[in-house]
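Next up, start-v4.csv (CSV, C-alpha atoms and all ligand atoms):
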```csv
chain,number,residue,atom,x,y,z
A,1,MET,CA,11.4,-27.0,1.7
A,2,GLU,CA,11.3,-23.6,3.6
A,3,ASN,CA,7.8,-22.1,3.6
A,4,LYS,CA,8.2,-18.8,1.7
A,5,ILE,CA,4.8,-17.2,1.8
A,6,LYS,CA,4.1,-15.1,4.9
A,7,SER,CA,1.7,-12.5,3.7
A,8,VAL,CA,-1.8,-12.3,2.3
A,9,TYR,CA,-3.6,-9.5,0.5
A,10,ILE,CA,-7.4,-9.6,0.1
A,11,HIS,CA,-9.2,-7.2,-2.1
A,12,ILE,CA,-12.8,-6.0,-1.5
A,13,PRO,CA,-13.7,-3.9,-4.5
A,14,PHE,CA,-16.9,-2.2,-3.2
A,15,CYS,CA,-17.2,1.5,-2.3
A,16,SER,CA,-20.2,3.5,-1.2
A,17,SER,CA,-19.1,6.4,-3.3
A,18,ILE,CA,-16.5,6.8,-6.1
A,19,CYS,CA,-13.6,9.2,-5.6
A,20,SER,CA,-12.8,11.5,-8.5
A,21,TYR,CA,-9.1,10.4,-8.7
A,22,CYS,CA,-9.5,6.7,-8.2
A,23,ASP,CA,-8.1,4.2,-10.7
A,24,PHE,CA,-8.2,1.2,-8.3
A,25,CYS,CA,-10.2,-1.9,-9.0
A,26,LYS,CA,-13.6,-0.8,-7.4
A,27,MET,CA,-17.3,-0.6,-8.1
A,28,PHE,CA,-20.4,0.7,-6.3
A,29,TYR,CA,-21.5,-1.3,-3.3
A,30,ASN,CA,-24.3,-3.6,-4.3
A,31,GLU,CA,-25.7,-6.0,-1.7
A,32,LYS,CA,-26.5,-8.7,-4.3
A,33,PHE,CA,-22.9,-8.7,-5.7
A,34,VAL,CA,-21.3,-8.6,-2.3
A,35,LYS,CA,-22.8,-11.9,-1.2
A,36,LYS,CA,-21.8,-13.6,-4.5
A,37,TYR,CA,-18.4,-12.0,-4.3
A,38,LEU,CA,-17.6,-13.2,-0.8
A,39,SER,CA,-18.6,-16.8,-1.9
A,40,SER,CA,-16.2,-16.6,-4.9
A,41,LEU,CA,-13.5,-15.2,-2.7
A,42,GLU,CA,-13.9,-18.1,-0.3
A,43,LYS,CA,-13.6,-20.5,-3.2
A,44,GLU,CA,-10.5,-18.8,-4.5
A,45,ILE,CA,-8.8,-18.9,-1.1
A,46,LYS,CA,-9.7,-22.5,-0.5
A,47,GLU,CA,-8.4,-23.5,-3.9
A,48,ASN,CA,-5.1,-21.7,-3.5
A,49,TYR,CA,-4.0,-21.3,0.1
A,50,CYS,CA,-1.6,-24.1,1.0
A,51,GLY,CA,-1.8,-23.8,4.8
A,52,GLU,CA,1.3,-21.7,5.4
A,53,TYR,CA,1.7,-19.7,8.7
A,54,ILE,CA,0.9,-16.1,7.9
A,55,GLU,CA,2.6,-13.1,9.4
A,56,THR,CA,0.8,-10.3,7.7
A,57,LEU,CA,-2.8,-10.1,6.5
A,58,TYR,CA,-4.1,-7.0,4.7
A,59,ILE,CA,-7.7,-6.4,3.6
A,60,GLY,CA,-7.7,-3.5,1.1
A,61,GLY,CA,-10.0,-2.2,-1.6
A,62,GLY,CA,-12.1,-0.6,-2.6
A,63,SER,CA,-13.5,0.0,0.8
A,64,PRO,CA,-13.8,-3.2,2.9
A,65,SER,CA,-15.2,-1.1,5.7
A,66,CYS,CA,-18.3,-0.2,3.6
A,67,LEU,CA,-19.6,-3.8,4.0
A,68,SER,CA,-22.4,-4.4,6.5
A,69,LEU,CA,-21.7,-6.0,9.9
A,70,GLU,CA,-23.2,-9.2,8.6
A,71,GLU,CA,-21.1,-9.2,5.4
A,72,LEU,CA,-18.0,-8.3,7.4
A,73,SER,CA,-18.7,-11.2,9.8
A,74,PHE,CA,-18.8,-13.6,6.8
A,75,LEU,CA,-15.6,-12.1,5.4
A,76,PHE,CA,-13.8,-12.7,8.7
A,77,GLU,CA,-15.2,-16.2,8.9
A,78,ILE,CA,-13.7,-16.9,5.4
A,79,ILE,CA,-10.4,-15.4,6.5
A,80,SER,CA,-10.3,-17.6,9.7
A,81,ILE,CA,-8.9,-20.3,7.4
A,82,PHE,CA,-5.5,-18.6,7.6
A,83,LYS,CA,-3.1,-19.9,10.2
A,84,LEU,CA,-1.6,-16.8,11.8
A,85,ARG,CA,1.7,-16.6,13.6
A,86,ASP,CA,1.5,-15.3,17.2
A,87,ASN,CA,3.0,-11.9,16.3
A,88,TYR,CA,0.8,-11.4,13.2
A,89,GLU,CA,-0.1,-8.0,11.7
A,90,PHE,CA,-3.7,-7.8,10.5
A,91,THR,CA,-4.6,-4.5,8.7
A,92,VAL,CA,-8.0,-3.4,7.4
A,93,GLU,CA,-8.4,-0.3,5.3
A,94,VAL,CA,-11.3,1.9,6.5
A,95,ASN,CA,-13.0,4.9,5.2
A,96,VAL,CA,-13.6,7.7,7.7
A,97,SER,CA,-17.4,7.6,7.2
A,98,ASP,CA,-17.6,3.9,7.9
A,99,ILE,CA,-16.0,4.1,11.3
A,100,THR,CA,-18.6,3.1,13.9
A,101,GLU,CA,-18.4,1.6,17.4
A,102,GLU,CA,-20.0,-1.7,16.1
A,103,LYS,CA,-17.5,-2.1,13.2
A,104,MET,CA,-14.5,-1.3,15.4
A,105,SER,CA,-15.6,-3.7,18.0
A,106,LEU,CA,-16.1,-6.4,15.4
A,107,PHE,CA,-12.6,-5.8,13.9
A,108,LYS,CA,-11.1,-6.0,17.4
A,109,LYS,CA,-13.0,-9.2,18.2
A,110,VAL,CA,-11.8,-11.0,15.1
A,111,GLY,CA,-8.1,-10.1,15.7
A,112,VAL,CA,-7.6,-7.1,13.5
A,113,ASN,CA,-4.7,-5.1,15.1
A,114,ARG,CA,-4.0,-2.3,12.6
A,115,LEU,CA,-6.2,0.2,10.8
A,116,SER,CA,-5.4,2.1,7.7
A,117,ILE,CA,-7.7,5.1,7.5
A,118,GLY,CA,-8.2,7.0,4.2
A,119,VAL,CA,-8.4,10.6,5.4
A,120,GLU,CA,-6.5,12.1,2.4
A,121,THR,CA,-7.0,15.7,3.6
A,122,ILE,CA,-9.0,17.6,6.2
A,123,ASN,CA,-9.6,20.5,4.0
A,124,ASP,CA,-13.4,20.5,3.0
A,125,LYS,CA,-12.7,22.2,-0.3
A,126,PHE,CA,-10.2,19.4,-1.3
A,127,LEU,CA,-12.4,16.6,0.1
A,128,SER,CA,-15.1,17.8,-2.1
A,129,PHE,CA,-12.8,18.0,-5.1
A,130,LEU,CA,-11.7,14.4,-4.4
A,131,ASN,CA,-15.4,13.4,-3.9
A,132,ARG,CA,-14.5,11.7,-0.6
A,133,ASP,CA,-17.6,11.1,1.5
A,134,HIS,CA,-16.5,12.7,4.7
A,135,THR,CA,-15.9,16.2,6.1
A,136,ARG,CA,-13.3,17.7,8.3
A,137,SER,CA,-15.5,17.7,11.4
A,138,GLN,CA,-16.2,14.0,10.9
A,139,VAL,CA,-12.5,13.1,10.7
A,140,TYR,CA,-11.8,14.1,14.3
A,141,GLU,CA,-14.9,12.4,15.6
A,142,LYS,CA,-14.4,9.1,13.7
A,143,ILE,CA,-10.7,8.9,14.5
A,144,GLY,CA,-11.6,9.4,18.1
A,145,ILE,CA,-13.8,6.3,17.9
A,146,ALA,CA,-11.1,4.2,16.1
A,147,LYS,CA,-8.5,5.2,18.7
A,148,LYS,CA,-10.7,3.7,21.5
A,149,TYR,CA,-10.1,0.3,19.9
A,150,PHE,CA,-6.8,0.5,18.1
A,151,SER,CA,-3.4,2.1,18.7
A,152,ASN,CA,-1.7,0.9,15.6
A,153,ILE,CA,-3.2,3.3,13.0
A,154,ASN,CA,-2.0,4.5,9.7
A,155,VAL,CA,-3.5,7.6,8.1
A,156,ASP,CA,-3.4,8.1,4.4
A,157,LEU,CA,-2.9,11.6,3.2
A,158,MET,CA,-2.6,13.2,-0.2
A,159,TYR,CA,-1.1,16.5,-1.4
A,160,ALA,CA,-0.5,18.5,-4.6
A,161,PHE,CA,-4.2,19.4,-5.2
A,162,PRO,CA,-4.8,22.1,-7.8
A,163,ASN,CA,-4.2,25.5,-6.1
A,164,GLU,CA,-3.0,23.9,-2.9
A,165,THR,CA,-0.6,26.0,-0.9
A,166,MET,CA,2.1,25.0,1.5
A,167,GLU,CA,0.0,26.4,4.2
A,168,ASP,CA,-2.8,23.9,3.3
A,169,VAL,CA,-0.3,21.1,3.4
A,170,TYR,CA,0.8,22.2,6.9
A,171,ASN,CA,-2.8,22.3,8.0
A,172,ASP,CA,-3.1,18.7,7.1
A,173,LEU,CA,0.1,17.9,8.9
A,174,LYS,CA,-1.1,19.7,11.9
A,175,PHE,CA,-4.1,17.4,12.0
A,176,ILE,CA,-1.6,14.5,11.9
A,177,TYR,CA,0.2,15.9,15.0
A,178,ASP,CA,-3.1,16.4,16.7
A,179,VAL,CA,-4.3,12.8,16.3
A,180,ASN,CA,-0.8,11.3,16.4
A,181,PRO,CA,-1.2,8.1,14.4
A,182,VAL,CA,1.9,5.8,14.5
A,183,HIS,CA,2.1,5.6,10.7
A,184,VAL,CA,1.5,8.0,7.9
A,185,SER,CA,1.4,7.3,4.1
A,186,ILE,CA,1.4,10.4,2.0
A,187,TYR,CA,1.2,10.6,-1.8
A,188,SER,CA,1.1,13.4,-4.3
A,189,LEU,CA,-2.1,13.5,-6.4
A,190,ILE,CA,-1.6,11.6,-9.6
A,191,ILE,CA,-4.1,12.3,-12.4
A,192,GLU,CA,-4.6,8.8,-13.9
A,193,PRO,CA,-6.3,8.3,-17.2
A,194,HIS,CA,-10.0,7.3,-17.1
A,195,THR,CA,-10.6,9.0,-13.7
A,196,LYS,CA,-13.1,11.9,-13.3
A,197,ILE,CA,-10.4,14.5,-12.7
A,198,TYR,CA,-8.6,13.4,-15.9
A,199,ILE,CA,-11.8,13.6,-17.9
A,200,ASP,CA,-12.4,17.0,-16.4
A,201,GLY,CA,-9.0,18.2,-17.6
A,202,VAL,CA,-7.5,18.8,-14.2
A,203,LYS,CA,-3.8,19.4,-14.5
A,204,SER,CA,-1.0,18.4,-12.1
A,205,ILE,CA,0.6,21.2,-10.0
A,206,ASP,CA,3.9,22.6,-11.0
A,207,GLU,CA,6.7,20.1,-10.4
A,208,GLU,CA,8.9,22.5,-8.5
A,209,LEU,CA,6.1,23.2,-6.1
A,210,ASP,CA,5.3,19.5,-5.8
A,211,SER,CA,9.0,18.7,-5.0
A,212,SER,CA,9.2,21.5,-2.5
A,213,MET,CA,6.0,20.2,-0.8
A,214,TYR,CA,7.5,16.7,-0.7
A,215,TYR,CA,10.7,17.8,1.0
A,216,ASN,CA,8.9,20.1,3.5
A,217,ILE,CA,6.6,17.2,4.4
A,218,ILE,CA,9.6,14.9,5.1
A,219,LYS,CA,11.2,17.7,7.2
A,220,SER,CA,8.1,18.4,9.2
A,221,LEU,CA,7.1,14.7,9.9
A,222,ARG,CA,10.7,14.0,10.9
A,223,GLU,CA,10.7,16.9,13.3
A,224,HIS,CA,7.6,15.4,14.9
A,225,GLY,CA,9.2,12.0,15.5
A,226,TYR,CA,8.3,10.1,12.3
A,227,ASN,CA,10.9,7.9,10.7
A,228,HIS,CA,10.9,8.3,6.9
A,229,TYR,CA,11.4,4.7,6.0
A,230,GLU,CA,10.0,4.5,2.4
A,231,ILE,CA,9.6,7.1,-0.3
A,232,SER,CA,6.0,7.9,0.8
A,233,ASN,CA,5.8,6.2,4.2
A,234,PHE,CA,6.6,7.4,7.7
A,235,SER,CA,6.3,5.7,11.1
A,236,LYS,CA,6.9,6.0,14.7
A,237,LYS,CA,9.7,3.6,15.8
A,238,GLY,CA,8.7,-0.1,15.4
A,239,PHE,CA,5.4,0.7,13.6
A,240,GLU,CA,6.6,0.3,10.0
A,241,SER,CA,4.0,-1.5,7.9
A,242,ARG,CA,5.2,-5.1,8.0
A,243,HIS,CA,2.9,-6.0,5.2
A,244,ASN,CA,4.2,-3.4,2.8
A,245,LEU,CA,7.7,-4.3,3.7
A,246,CYS,CA,7.0,-7.7,2.3
A,247,TYR,CA,6.4,-6.0,-1.1
A,248,TRP,CA,9.5,-3.8,-0.8
A,249,ASN,CA,11.6,-6.8,0.3
A,250,ASN,CA,10.5,-8.6,-2.8
A,251,ASP,CA,9.0,-11.4,-0.8
A,252,GLU,CA,6.3,-13.7,-2.1
A,253,TYR,CA,2.7,-13.2,-1.0
A,254,TYR,CA,-0.8,-14.3,-1.8
A,255,GLY,CA,-3.3,-11.9,-3.4
A,256,PHE,CA,-6.9,-12.9,-3.4
A,257,GLY,CA,-9.9,-11.1,-4.8
A,258,LEU,CA,-10.9,-9.1,-7.9
A,259,GLY,CA,-7.9,-7.4,-9.5
A,260,ALA,CA,-5.6,-8.5,-6.7
A,261,SER,CA,-1.9,-9.2,-7.4
A,262,GLY,CA,0.1,-12.0,-5.9
A,263,TYR,CA,3.6,-13.5,-6.1
A,264,VAL,CA,3.6,-17.3,-5.5
A,265,ASN,CA,6.2,-19.9,-6.3
A,266,SER,CA,8.1,-17.5,-8.6
A,267,TYR,CA,4.9,-16.5,-10.5
A,268,ARG,CA,3.6,-13.0,-10.4
A,269,TYR,CA,-0.1,-12.9,-11.1
A,270,THR,CA,-2.9,-10.3,-11.4
A,271,ASN,CA,-6.5,-11.4,-11.0
A,272,THR,CA,-9.2,-10.4,-13.5
A,273,ARG,CA,-11.0,-7.1,-13.0
A,274,ASN,CA,-14.1,-8.6,-14.6
A,275,LEU,CA,-16.6,-9.6,-12.0
A,276,ASN,CA,-18.3,-12.2,-14.2
A,277,SER,CA,-15.0,-14.0,-14.9
A,278,TYR,CA,-14.2,-13.9,-11.2
A,279,PHE,CA,-17.6,-15.4,-10.3
A,280,GLU,CA,-17.0,-18.1,-12.9
A,281,GLY,CA,-13.7,-19.0,-11.1
A,282,ASN,CA,-11.4,-17.6,-13.8
A,283,TYR,CA,-9.4,-15.7,-11.3
A,284,LYS,CA,-6.1,-15.1,-12.9
A,285,TYR,CA,-5.7,-12.6,-15.8
A,286,ILE,CA,-1.9,-12.4,-15.9
A,287,ASN,CA,0.4,-15.2,-14.6
A,288,GLU,CA,4.0,-14.6,-15.4
A,289,PHE,CA,7.0,-16.7,-14.4
A,290,ILE,CA,9.7,-14.5,-12.8
A,291,THR,CA,13.2,-15.5,-13.9
A,292,ASN,CA,16.1,-15.1,-11.7
A,293,ASP,CA,17.3,-12.0,-13.7
A,294,VAL,CA,13.9,-10.3,-13.1
A,295,LYS,CA,14.0,-11.2,-9.4
A,296,MET,CA,17.3,-9.5,-9.1
A,297,GLU,CA,16.0,-6.4,-10.9
A,298,ASN,CA,12.9,-6.3,-8.7
A,299,GLU,CA,15.1,-6.7,-5.6
A,300,LEU,CA,16.5,-3.2,-6.5
A,301,ILE,CA,13.4,-1.6,-8.0
A,302,PHE,CA,11.3,-2.4,-4.8
A,303,GLY,CA,14.1,-2.4,-2.3
A,304,LEU,CA,15.4,1.1,-3.2
A,305,ARG,CA,12.0,2.5,-2.3
A,306,LYS,CA,13.1,2.0,1.3
A,307,THR,CA,15.3,4.8,2.6
A,308,SER,CA,17.6,2.3,4.1
A,309,GLY,CA,18.0,0.8,0.7
A,310,VAL,CA,19.2,-2.7,-0.3
A,311,SER,CA,21.6,-4.7,1.8
A,312,ILE,CA,24.5,-5.9,-0.3
A,313,ASN,CA,25.0,-9.0,1.9
A,314,THR,CA,21.4,-10.0,1.8
A,315,PHE,CA,21.4,-9.7,-2.0
A,316,ARG,CA,24.5,-11.9,-2.1
A,317,GLU,CA,22.9,-14.5,0.2
A,318,LYS,CA,19.7,-14.5,-1.9
A,319,TYR,CA,21.3,-14.7,-5.4
A,320,LEU,CA,24.9,-15.9,-4.7
A,321,LEU,CA,26.1,-12.9,-6.8
A,322,ASP,CA,27.2,-9.4,-6.0
A,323,ILE,CA,25.0,-6.5,-7.0
A,324,GLU,CA,27.9,-4.8,-8.8
A,325,GLN,CA,28.5,-8.0,-10.9
A,326,ILE,CA,24.9,-7.7,-12.1
A,327,PHE,CA,24.2,-4.0,-12.5
A,328,ASP,CA,26.3,-1.2,-13.8
A,329,ILE,CA,25.7,1.0,-10.8
A,330,ILE,CA,29.0,2.9,-10.9
A,331,ASP,CA,27.7,5.7,-13.1
A,332,LEU,CA,24.7,6.1,-10.8
A,333,VAL,CA,26.9,6.3,-7.8
A,334,ASN,CA,29.3,8.8,-9.5
A,335,ASN,CA,26.3,11.0,-10.4
A,336,ASN,CA,25.1,10.8,-6.8
A,337,MET,CA,21.9,9.0,-7.8
A,338,LEU,CA,22.8,6.1,-5.5
A,339,LYS,CA,25.0,5.9,-2.4
A,340,ILE,CA,26.8,3.0,-0.9
A,341,GLU,CA,27.3,3.2,2.9
A,342,GLU,CA,27.7,0.6,5.6
A,343,GLY,CA,26.8,-2.3,3.3
A,344,TYR,CA,23.7,-0.7,1.9
A,345,ILE,CA,22.9,0.8,-1.5
A,346,PHE,CA,20.3,3.5,-1.3
A,347,ILE,CA,18.9,6.6,-3.0
A,348,PRO,CA,20.2,9.8,-1.3
A,349,GLU,CA,17.4,11.9,0.2
A,350,ASP,CA,17.8,14.8,-2.2
A,351,LYS,CA,17.1,12.4,-5.1
A,352,LEU,CA,14.1,10.6,-3.6
A,353,TYR,CA,11.8,12.9,-5.5
A,354,ILE,CA,13.1,11.7,-8.8
A,355,SER,CA,13.4,8.0,-7.6
A,356,ASN,CA,11.3,6.7,-10.5
A,357,SER,CA,13.9,8.0,-13.0
A,358,ILE,CA,16.6,6.2,-11.0
A,359,LEU,CA,14.7,2.9,-10.5
A,360,VAL,CA,13.9,2.7,-14.2
A,361,ASN,CA,17.7,2.0,-14.8
A,362,PHE,CA,17.2,-1.4,-13.3
A,363,ILE,CA,14.4,-2.5,-15.6
A,364,GLY,CA,16.1,-5.0,-18.0
A,365,GLY,CA,19.2,-3.3,-16.6
A,366,SER,CA,21.3,-6.3,-15.6
A,367,ASN,CA,24.6,-6.4,-17.6
A,368,GLY,CA,24.5,-10.0,-18.7
A,369,ASN,CA,27.1,-11.3,-16.2
A,370,LYS,CA,24.9,-13.8,-14.7
B,1,LIG,S1,-12.7,4.8,-1.4
B,1,LIG,FE1,-10.7,4.2,-2.3
B,1,LIG,S2,-11.1,2.5,-3.8
B,1,LIG,FE2,-13.1,3.5,-3.3
B,1,LIG,S3,-13.3,5.1,-4.9
B,1,LIG,FE3,-12.3,6.1,-3.2
B,1,LIG,S4,-10.1,5.9,-3.6
B,1,LIG,FE4,-11.2,4.4,-4.9
```

Let me see the file written as structure tokens.
Amino acid sequence: MENKIKSVYIHIPFCSSICSYCDFCKMFYNEKFVKKYLSSLEKEIKENYCGEYIETLYIGGGSPSCLSLEELSFLFEIISIFKLRDNYEFTVEVNVSDITEEKMSLFKKVGVNRLSIGVETINDKFLSFLNRDHTRSQVYEKIGIAKKYFSNINVDLMYAFPNETMEDVYNDLKFIYDVNPVHVSIYSLIIEPHTKIYIDGVKSIDEELDSSMYYNIIKSLREHGYNHYEISNFSKKGFESRHNLCYWNNDEYYGFGLGASGYVNSYRYTNTRNLNSYFEGNYKYINEFITNDVKMENELIFGLRKTSGVSINTFREKYLLDIEQIFDIIDLVNNNMLKIEEGYIFIPEDKLYISNSILVNFIGGSNGNK
């Protein structure tokens, strides 16, 4: 049988400070817990990894970079169990303040070849609002260190902060053009329930302004040589995130660690966010079989996030059915919510801002022809 799993996500939930907008699975760094956590992670991986060759490995969080050198060495020792293909992509998320020569050198030594750096903004006022633990001046210095070791760097940015102006957004983009990373992920600030900013009553910016910022960002990044390949992701040619493409291509992947999600043998699972349950080896919290109908829906819901869209031929090869047989897309095409060109179905650029309201049409949206 063809080996389907080519990607692994590993979650490290510890952070040295907690950001005001964060609803990820995270907790304060605690030396005692880290040791125990890494041992449980090792156990989970050993119990579930079936020895496949892996093409993309991604350590996210939380802040994996906040672990000590010794803890990181143990983590990489655990991860050395994975058999990697020659042309693998191995990403680690790093916080600006955690970037040191020692950590970068260790990452390089163990085969990490891509960094994803959580900058978010270089505006000190907004950094303080977000409760990020770095400052504008640190960003340039730390990225300088990271660039000595890595050329494949993603920078995460955010926009749509309360009272942010277009000029503020352009200042952050100017920083991008100064440091010239090969990949940029940029998301508008979402005020999630249970976060500090939600409790503080912070309100989202006006939707019209948000939309105008979004389209100006696309325009500016494109003018500076970045290919807009996913709703919120941009890259220089050949530097798309292969790991994230696995999600958008609806491929299967392992997810290990507290709160991690995975998709293995047609089951989508989410691990517990309860540290004690995780320590006891009760990893999975949700484990749901994905029927063929739902796989086809997901193929569109995830695939249409890519600006290139979904290949009609690939869909047919995967499911032995035509997209149009399964989904009533004609109305969406007639209303210019979807376009079909050169064998691909995609969301036209002027509708990307409202992509969620288009994608929602595919949830339970098959027309029963299967
Ligand atoms: S560093 Fe990331 S995971 Fe940690 S609190 Fe901030 S946003 Fe959340």

Under the rule of at most 12 Å, produce a per-residue listing of region 258-328 of chain A near region 15-31 of chain A: chain, number, name, the closest pair of atoms, and the distance in Å, as a Markdown table, using only C-alpha atoms.
```
| residue | atom | partner | partner_atom | distance |
| --- | --- | --- | --- | --- |
| A:Leu258 | CA | A:Cys25 | CA | 7.3 |
| A:Gly259 | CA | A:Cys25 | CA | 6.0 |
| A:Ala260 | CA | A:Cys25 | CA | 8.4 |
| A:Ser261 | CA | A:Cys25 | CA | 11.2 |
| A:Thr270 | CA | A:Cys25 | CA | 11.4 |
| A:Asn271 | CA | A:Cys25 | CA | 10.4 |
| A:Thr272 | CA | A:Cys25 | CA | 9.7 |
| A:Arg273 | CA | A:Cys25 | CA | 6.6 |
| A:Asn274 | CA | A:Cys25 | CA | 9.6 |
| A:Leu275 | CA | A:Met27 | CA | 9.8 |
```

- Query: Which value, in Å to one decimal, gives the distance between CA of Val96 (chain A) and CA of Tyr229 (chain A)?
  - Reply: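 Going from CA of Val96 (chain A) over to CA of Tyr229 (chain A) covers 25.2 Å.
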
- Just the residues within 12 Å of Arg316 (chain A), please, counting only C-alpha atoms, with nothing from its chain fewer than 4 positions along; format it as an MDAnalysis selection string. chainID A and resid 296 299 310:312 320:326 343:344

- Quick one: everything within 12 Å of Tyr263 (chain A), counting only C-alpha atoms, minus sequence neighbours fewer than 5 positions away in the same chain. Send it as a VMD selection string. chain A and resid 4 to 9 246 to 247 250 to 256 268 to 271 284 286 to 290 295

- Message: Which residue is closest to ligand LIG 1 (chain B)? Choose from A:Val119, A:Leu75, A:Ile45, A:Leu106 and count all atoms listed in the file.
- Response: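 Among the listed residues, the smallest separation from ligand LIG 1 (chain B) belongs to A:Val119.
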
- Query: Which residue, A:Asn113, A:Leu352, A:Met158, A:Val179, has the smallest gap to ligand LIG 1 (chain B) when you use all atoms listed in the file?
  - Reply: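 Distance minimum relative to ligand LIG 1 (chain B) lands on A:Met158.
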
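Excluding Gly364 (chain A) and any residue on its chain fewer than 5 positions from it, the residues at most 10 Å away by all atoms listed in the file are Asp293, Val294, Glu297, Asn298 and Phe327 of chain A.
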
- Item | Selected residue of minimal separation from ligand LIG 1 (chain B) among A:Phe14, A:Phe362, A:Phe129, A:Tyr283, counting all atoms listed in the file |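 Among the listed residues, the smallest separation from ligand LIG 1 (chain B) belongs to A:Phe14.
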
- Task: Excluding Glu101 (chain A) and residues on its chain fewer than 3 positions from it, collect all residues at most 10 Å away from it, counting all atoms listed in the file, and give them as a VMD selection string.
- Result: chain A and resid 98 104 to 106 142 145 to 146 148 to 149
